[in-house]
Structures are given as structure tokens and as C-alpha cells.
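Colleague: File work-v3.cif follows (mmCIF, C-alpha atoms and all ligand atoms):
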data_query
#
loop_
_atom_site.group_PDB
_atom_site.id
_atom_site.type_symbol
_atom_site.label_atom_id
_atom_site.label_comp_id
_atom_site.auth_asym_id
_atom_site.auth_seq_id
_atom_site.Cartn_x
_atom_site.Cartn_y
_atom_site.Cartn_z
ATOM 1 C CA MET A 1 1.729 15.477 15.724
ATOM 2 C CA ALA A 2 3.989 12.395 15.685
ATOM 3 C CA GLU A 3 7.722 12.995 15.576
ATOM 4 C CA THR A 4 10.643 10.915 14.431
ATOM 5 C CA THR A 5 13.448 9.893 16.795
ATOM 6 C CA ASP A 6 15.444 12.982 15.767
ATOM 7 C CA ASN A 7 12.506 15.257 16.761
ATOM 8 C CA GLN A 8 11.592 16.064 13.157
ATOM 9 C CA PRO A 9 7.883 16.185 12.276
ATOM 10 C CA PHE A 10 6.841 12.804 10.925
ATOM 11 C CA GLU A 11 6.374 12.677 7.163
ATOM 12 C CA PRO A 12 4.861 9.320 6.204
ATOM 13 C CA VAL A 13 6.299 7.369 3.304
ATOM 14 C CA ILE A 14 3.545 5.880 1.208
ATOM 15 C CA ILE A 15 3.996 3.478 -1.684
ATOM 16 C CA GLY A 16 1.199 3.592 -4.237
ATOM 17 C CA PHE A 17 0.648 0.707 -6.648
ATOM 18 C CA THR A 18 -1.450 1.991 -9.529
ATOM 19 C CA CYS A 19 -3.005 0.401 -12.575
ATOM 20 C CA ASN A 20 -1.649 1.654 -15.897
ATOM 21 C CA TRP A 21 -5.074 2.143 -17.454
ATOM 22 C CA CYS A 22 -6.983 3.997 -14.764
ATOM 23 C CA SER A 23 -5.470 5.128 -11.510
ATOM 24 C CA TYR A 24 -2.017 5.911 -12.896
ATOM 25 C CA ARG A 25 -3.735 8.090 -15.480
ATOM 26 C CA ALA A 26 -5.858 9.659 -12.751
ATOM 27 C CA ALA A 27 -2.625 10.598 -10.953
ATOM 28 C CA ASP A 28 -1.261 11.917 -14.238
ATOM 29 C CA MET A 29 -4.412 13.944 -14.783
ATOM 30 C CA ALA A 30 -4.166 15.406 -11.283
ATOM 31 C CA GLY A 31 -0.600 16.418 -12.085
ATOM 32 C CA THR A 32 -1.326 17.984 -15.464
ATOM 33 C CA ALA A 33 -4.341 19.829 -14.018
ATOM 34 C CA ARG A 34 -2.028 21.140 -11.284
ATOM 35 C CA MET A 35 -4.125 19.675 -8.506
ATOM 36 C CA LYS A 36 -2.014 19.614 -5.420
ATOM 37 C CA TYR A 37 -1.724 16.435 -3.421
ATOM 38 C CA ALA A 38 0.600 15.197 -0.722
ATOM 39 C CA PRO A 39 4.093 14.476 -2.056
ATOM 40 C CA ASN A 40 4.411 11.562 0.378
ATOM 41 C CA VAL A 41 3.211 8.982 -2.113
ATOM 42 C CA ARG A 42 5.666 7.244 -4.467
ATOM 43 C CA LEU A 43 3.779 5.672 -7.329
ATOM 44 C CA ILE A 44 4.649 2.351 -8.897
ATOM 45 C CA ARG A 45 2.824 1.531 -12.100
ATOM 46 C CA LEU A 46 1.497 -1.963 -12.693
ATOM 47 C CA MET A 47 -0.343 -2.980 -15.848
ATOM 48 C CA CYS A 48 -3.325 -3.967 -13.716
ATOM 49 C CA SER A 49 -4.125 -4.026 -10.019
ATOM 50 C CA GLY A 50 -4.481 -7.798 -10.460
ATOM 51 C CA ARG A 51 -0.707 -7.882 -11.008
ATOM 52 C CA LEU A 52 -0.235 -6.919 -7.382
ATOM 53 C CA ASP A 53 1.523 -9.751 -5.631
ATOM 54 C CA PRO A 54 0.933 -9.506 -1.874
ATOM 55 C CA THR A 55 4.705 -9.755 -1.360
ATOM 56 C CA PHE A 56 5.007 -6.314 -3.015
ATOM 57 C CA VAL A 57 2.981 -4.868 -0.156
ATOM 58 C CA PHE A 58 4.849 -6.669 2.612
ATOM 59 C CA LYS A 59 8.204 -5.787 1.065
ATOM 60 C CA ALA A 60 7.151 -2.138 0.894
ATOM 61 C CA PHE A 61 6.329 -2.190 4.608
ATOM 62 C CA ALA A 62 9.505 -4.125 5.408
ATOM 63 C CA ASN A 63 11.573 -1.556 3.524
ATOM 64 C CA GLY A 64 10.254 1.455 5.354
ATOM 65 C CA ALA A 65 6.815 2.342 4.006
ATOM 66 C CA ASP A 66 4.372 3.666 6.596
ATOM 67 C CA GLY A 67 1.394 3.115 4.305
ATOM 68 C CA VAL A 68 0.580 1.366 1.047
ATOM 69 C CA LEU A 69 -2.050 2.453 -1.436
ATOM 70 C CA VAL A 70 -3.392 0.007 -3.999
ATOM 71 C CA SER A 71 -5.402 1.546 -6.753
ATOM 72 C CA GLY A 72 -7.108 0.169 -9.829
ATOM 73 C CA CYS A 73 -10.016 0.453 -12.204
ATOM 74 C CA HIS A 74 -13.529 0.426 -10.828
ATOM 75 C CA PRO A 75 -15.124 -3.017 -10.536
ATOM 76 C CA GLY A 76 -16.414 -3.973 -13.964
ATOM 77 C CA ASP A 77 -13.905 -1.689 -15.759
ATOM 78 C CA CYS A 78 -10.734 -3.777 -15.515
ATOM 79 C CA HIS A 79 -8.993 -4.022 -18.899
ATOM 80 C CA TYR A 80 -8.153 -7.633 -18.097
ATOM 81 C CA LEU A 81 -11.753 -8.617 -17.362
ATOM 82 C CA ASN A 82 -11.980 -9.397 -13.658
ATOM 83 C CA GLN A 83 -8.440 -9.104 -12.294
ATOM 84 C CA ASN A 84 -9.375 -6.259 -9.955
ATOM 85 C CA TYR A 85 -11.858 -8.581 -8.248
ATOM 86 C CA LYS A 86 -8.930 -10.913 -7.583
ATOM 87 C CA MET A 87 -6.997 -7.996 -6.178
ATOM 88 C CA LEU A 88 -9.968 -7.124 -3.963
ATOM 89 C CA ARG A 89 -9.865 -10.623 -2.483
ATOM 90 C CA ARG A 90 -6.103 -10.314 -1.911
ATOM 91 C CA TYR A 91 -6.645 -6.919 -0.299
ATOM 92 C CA HIS A 92 -8.953 -8.391 2.334
ATOM 93 C CA LEU A 93 -6.505 -11.238 2.954
ATOM 94 C CA MET A 94 -3.593 -8.803 3.279
ATOM 95 C CA GLN A 95 -5.519 -6.755 5.812
ATOM 96 C CA ARG A 96 -6.034 -9.871 7.920
ATOM 97 C CA VAL A 97 -2.356 -10.818 7.654
ATOM 98 C CA LEU A 98 -1.297 -7.305 8.672
ATOM 99 C CA ALA A 99 -3.527 -7.481 11.739
ATOM 100 C CA GLN A 100 -1.965 -10.846 12.622
ATOM 101 C CA LEU A 101 1.467 -9.251 12.385
ATOM 102 C CA GLY A 102 0.480 -6.454 14.748
ATOM 103 C CA ILE A 103 0.300 -3.811 12.009
ATOM 104 C CA GLU A 104 -2.753 -1.586 11.714
ATOM 105 C CA PRO A 105 -4.715 -2.804 8.645
ATOM 106 C CA GLU A 106 -5.605 0.847 7.999
ATOM 107 C CA ARG A 107 -2.074 1.314 6.711
ATOM 108 C CA LEU A 108 -3.206 -0.468 3.557
ATOM 109 C CA LYS A 109 -5.748 1.389 1.466
ATOM 110 C CA LEU A 110 -7.687 0.375 -1.616
ATOM 111 C CA LEU A 111 -8.855 3.025 -4.049
ATOM 112 C CA TRP A 112 -10.849 2.633 -7.232
ATOM 113 C CA ALA A 113 -10.138 5.503 -9.607
ATOM 114 C CA SER A 114 -10.852 5.915 -13.303
ATOM 115 C CA ALA A 115 -8.614 7.896 -15.637
ATOM 116 C CA ALA A 116 -11.029 10.830 -15.372
ATOM 117 C CA GLU A 117 -10.949 10.937 -11.584
ATOM 118 C CA GLY A 118 -7.814 12.968 -10.985
ATOM 119 C CA ALA A 119 -9.548 15.115 -8.367
ATOM 120 C CA ILE A 120 -10.770 12.059 -6.449
ATOM 121 C CA PHE A 121 -7.313 10.504 -6.633
ATOM 122 C CA ALA A 122 -5.698 13.669 -5.255
ATOM 123 C CA GLU A 123 -8.292 14.003 -2.501
ATOM 124 C CA GLU A 124 -7.957 10.351 -1.435
ATOM 125 C CA VAL A 125 -4.156 10.540 -1.398
ATOM 126 C CA ASN A 126 -4.375 13.593 0.862
ATOM 127 C CA LYS A 127 -6.855 11.862 3.146
ATOM 128 C CA PHE A 128 -4.782 8.672 3.348
ATOM 129 C CA THR A 129 -1.600 10.638 4.044
ATOM 130 C CA GLU A 130 -3.271 12.292 7.024
ATOM 131 C CA GLU A 131 -4.615 8.942 8.263
ATOM 132 C CA VAL A 132 -1.135 7.399 8.123
ATOM 133 C CA ARG A 133 0.374 10.490 9.720
ATOM 134 C CA ALA A 134 -2.066 10.062 12.609
ATOM 135 C CA LEU A 135 -1.017 6.403 12.995
ATOM 136 C CA GLY A 136 2.641 7.447 13.294
ATOM 137 C CA PRO A 137 5.803 5.826 11.947
ATOM 138 C CA LEU A 138 5.653 2.081 11.398
ATOM 139 C CA GLN A 139 9.345 1.124 11.312
ATOM 140 C CA TRP A 140 8.374 -2.475 10.720
ATOM 141 C CA GLY A 141 11.785 -3.426 9.383
ATOM 142 C CA LYS A 142 13.287 -2.194 12.651
ATOM 143 C CA GLY A 143 10.771 -3.946 14.887
ATOM 144 C CA GLY A 144 9.096 -0.673 15.829
ATOM 145 C CA ASN A 145 5.474 -0.087 16.813
ATOM 146 C CA GLY A 146 5.177 -3.397 18.665
ATOM 147 C CA ALA A 147 4.918 -5.339 15.426
ATOM 148 C CA GLN A 148 6.643 -8.602 14.658
ATOM 149 C CA THR A 149 9.853 -7.715 12.774
ATOM 150 C CA ALA A 150 9.825 -7.958 9.020
ATOM 151 C CA ALA A 151 12.926 -10.151 8.989
ATOM 152 C CA SER A 152 11.246 -12.776 11.146
ATOM 153 C CA VAL A 153 8.320 -13.232 8.787
ATOM 154 C CA PRO A 154 8.758 -15.757 5.967
ATOM 155 C CA LEU A 155 7.439 -14.319 2.710
ATOM 156 C CA THR A 156 7.059 -17.567 0.797
ATOM 157 C CA PRO A 157 5.477 -20.895 1.734
ATOM 158 C CA SER A 158 8.775 -22.709 1.013
ATOM 159 C CA GLN A 159 10.641 -20.456 3.465
ATOM 160 C CA HIS A 160 7.899 -21.121 5.966
ATOM 161 C CA SER A 161 8.106 -24.910 5.727
ATOM 162 C CA THR A 162 11.925 -24.869 5.820
ATOM 163 C CA GLU A 163 11.853 -22.853 9.016
ATOM 164 C CA ALA A 164 9.213 -25.147 10.503
ATOM 165 C CA GLU A 165 11.411 -28.154 9.706
ATOM 166 C CA VAL A 166 14.429 -26.512 11.327
ATOM 167 C CA ALA A 167 12.390 -25.711 14.430
ATOM 168 C CA ALA A 168 11.065 -29.305 14.673
HETATM 169 S S1 LIG B 201 -6.659 -2.897 -15.839
HETATM 170 FE FE1 LIG B 201 -6.985 -1.508 -14.172
HETATM 171 S S2 LIG B 201 -7.422 -2.838 -12.550
HETATM 172 FE FE2 LIG B 201 -7.172 -4.196 -14.193
#
Please rewrite the model in this file as C-alpha cells.
Modeller:
Amino acid sequence: MAETTDNQPFEPVIIGFTCNWCSYRAADMAGTARMKYAPNVRLIRLMCSGRLDPTFVFKAFANGADGVLVSGCHPGDCHYLNQNYKMLRRYHLMQRVLAQLGIEPERLKLLWASAAEGAIFAEEVNKFTEEVRALGPLQWGKGGNGAQTAASVPLTPSQHSTEAEVAA
């Protein structure tokens, strides 16, 4: 089992972005039905998974998250028509960017969950927590794990071009 620098067993910090209409309600259902799932996940409710700006994910990692869960309505069930398809495209792009940064893409997970799928939500959170635990601490903001440091990565195109101009 991975340990932290102070020899404590590693407890991963996972940020979960959930859609208000489906996956957040699935988490709520799991809670009201007293289904136990790993307490490592901190949920943030968005109105739709399509609201997920990729910078939310990178900021979560930069601020200490070891894993990020993105969860929304099943394809075809989005309350805003097709926004979860847009999120799906962003998810694949984010995985590629993470790999480029030296971060395991498996630290980002996508989960479709309807409001009635509290048991599936709980089971997937448990599974993901164990997967992230096996990967070990990320410590991206501190330059850990061999990854490029968070502070050295521009998060917006304008920052990127300004830095390129300075370097030129
Ligand atoms: S409303 Fe749930 S993913 Fe769009």
C-alpha cells in the first residue's frame, strides 16, 4: 500500500463533478439508501456535465486531487440535449493532455449514472478510489510523480502565447 511522506497510509483525494439531474441524484440516492461508498470523493454539483470546463479538472489536480471523477447522464438522456456528448469529447482530449503532462490518464474517470443508479454510483466510486490508491499520490502541484509541475503549465491560450512571446 502506498504511503505518504509522513508514513501514513495513503488516502486519495478525489474530486467528483456531477450533473444535477442524474449523477448527483444517484449519489444522493446512495446516501439516503445508506449504501456505503468511499468517503474520499468530494462532490461538486454542476447543472450538466457539459458545463465542465477542462480547467476545472486541471485546477483540481493542481490543487491536490489524486483523481477526478466526471459523471453525467447517460448518452441520450442529457437534460440539455447533447451536452454530455460534448463533455465526452472533452474527456478524451483531457486524457491526452494529462498523458502529455506525465500524469496517468487513469486518474480521470468518466461515469454515466442515472438518478436511479445509486448502487452503480457507489460501486464505481469504490472501484475508482482503489484504482487511484494503487496509482499512489499525485502531488502535481508540488512537482511529484515525475510530472511537469502545475505552476509551469499555462491554463489559458492567452497565457500560453504571452509566455511564448517572452521566451522568443
Ligand atoms: S443534464 Fe446531465 S449530463 Fe447534461
Colleague: Write as an MDAnalysis selection string the residues around ligand LIG 201 (chain B), taking 10 Å as the cut-off and counting only C-alpha atoms and all ligand atoms.
Modeller: chainID A and resid 18:24 46:52 70:88 112:115
Colleague: Within 8 Å of Glu11 in chain A, counting all atoms listed in the file, which residues show up once you throw out same-chain ones fewer than 2 positions away? Write them as a VMD selection string, please.
Modeller: chain A and resid 9 13 40 133
Colleague: To box range 71-81 of chain A, take all atoms listed in the file, fit an axis-aligned box, add 6 Å on each side, and give centre and edge lengths in Å to one decimal, as JSON.
Modeller:
{"center_x": -10.9, "center_y": -3.5, "center_z": -12.8, "size_x": 23.0, "size_y": 22.2, "size_z": 24.1}
Colleague: Would you work out the distance separating CA of Leu98 in chain A from CA of Val41 in chain A, expressed in Å to one decimal?
Modeller: 20.0 Å
Colleague: Would you mind reading off the distance between CA of Ala119 in chain A and CA of Thr32 in chain A, one decimal, in Å?
Modeller: 11.2 Å
Colleague: Select, from A:Gly118, A:Gly16, A:Pro54, A:Gly64, the residue with the minimum atom-to-atom distance to Arg34 in chain A, counting only C-alpha atoms.
Modeller: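 Comparing A:Gly118, A:Gly16, A:Pro54, A:Gly64 against Arg34 in chain A, the winner is A:Gly118.
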Colleague: With distances taken over only C-alpha atoms, which residue among A:Ile15, A:Ile103, A:Ala116, A:Ala27 lies nearest Phe128 in chain A?
Modeller: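 Closest residue, counting only C-alpha atoms: A:Ile15.
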Colleague: Can you translate the PyMOL selection byres (((chain A and resi 126) around 10) and not hetatm) into the concrete residues it hits in this file, as a PyMOL selection string?
Modeller: chain A and resi 36-41+120-125+127-131
Colleague: May I have the residues within 8 Å of Arg107 in chain A as a PyMOL selection string, using all atoms listed in the file and disregarding those fewer than 6 positions away in the same chain?
Modeller: chain A and resi 66-68+132
Colleague: Can you work out the spacing between CA of His92 in chain A and CA of Ala26 in chain A in Å, to one decimal?
Modeller: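 CA of Ala26 in chain A lies 23.7 Å from CA of His92 in chain A.
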Colleague: Pick out the closest residue to Ala30 in chain A from this set: A:Asp53, A:Gln139, A:Glu117, A:Phe61. Count only C-alpha atoms.
Modeller: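 Closest to Ala30 in chain A of all the choices is A:Glu117.
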Colleague: For the structure shown, which residues end up in the PyMOL selection byres (((chain A and resi 58) around 10) and not hetatm)? Put them as a ChimeraX atom specification, please?
Modeller: /A:53-57,59-63,65,68,94,97-98,140,150,153,155
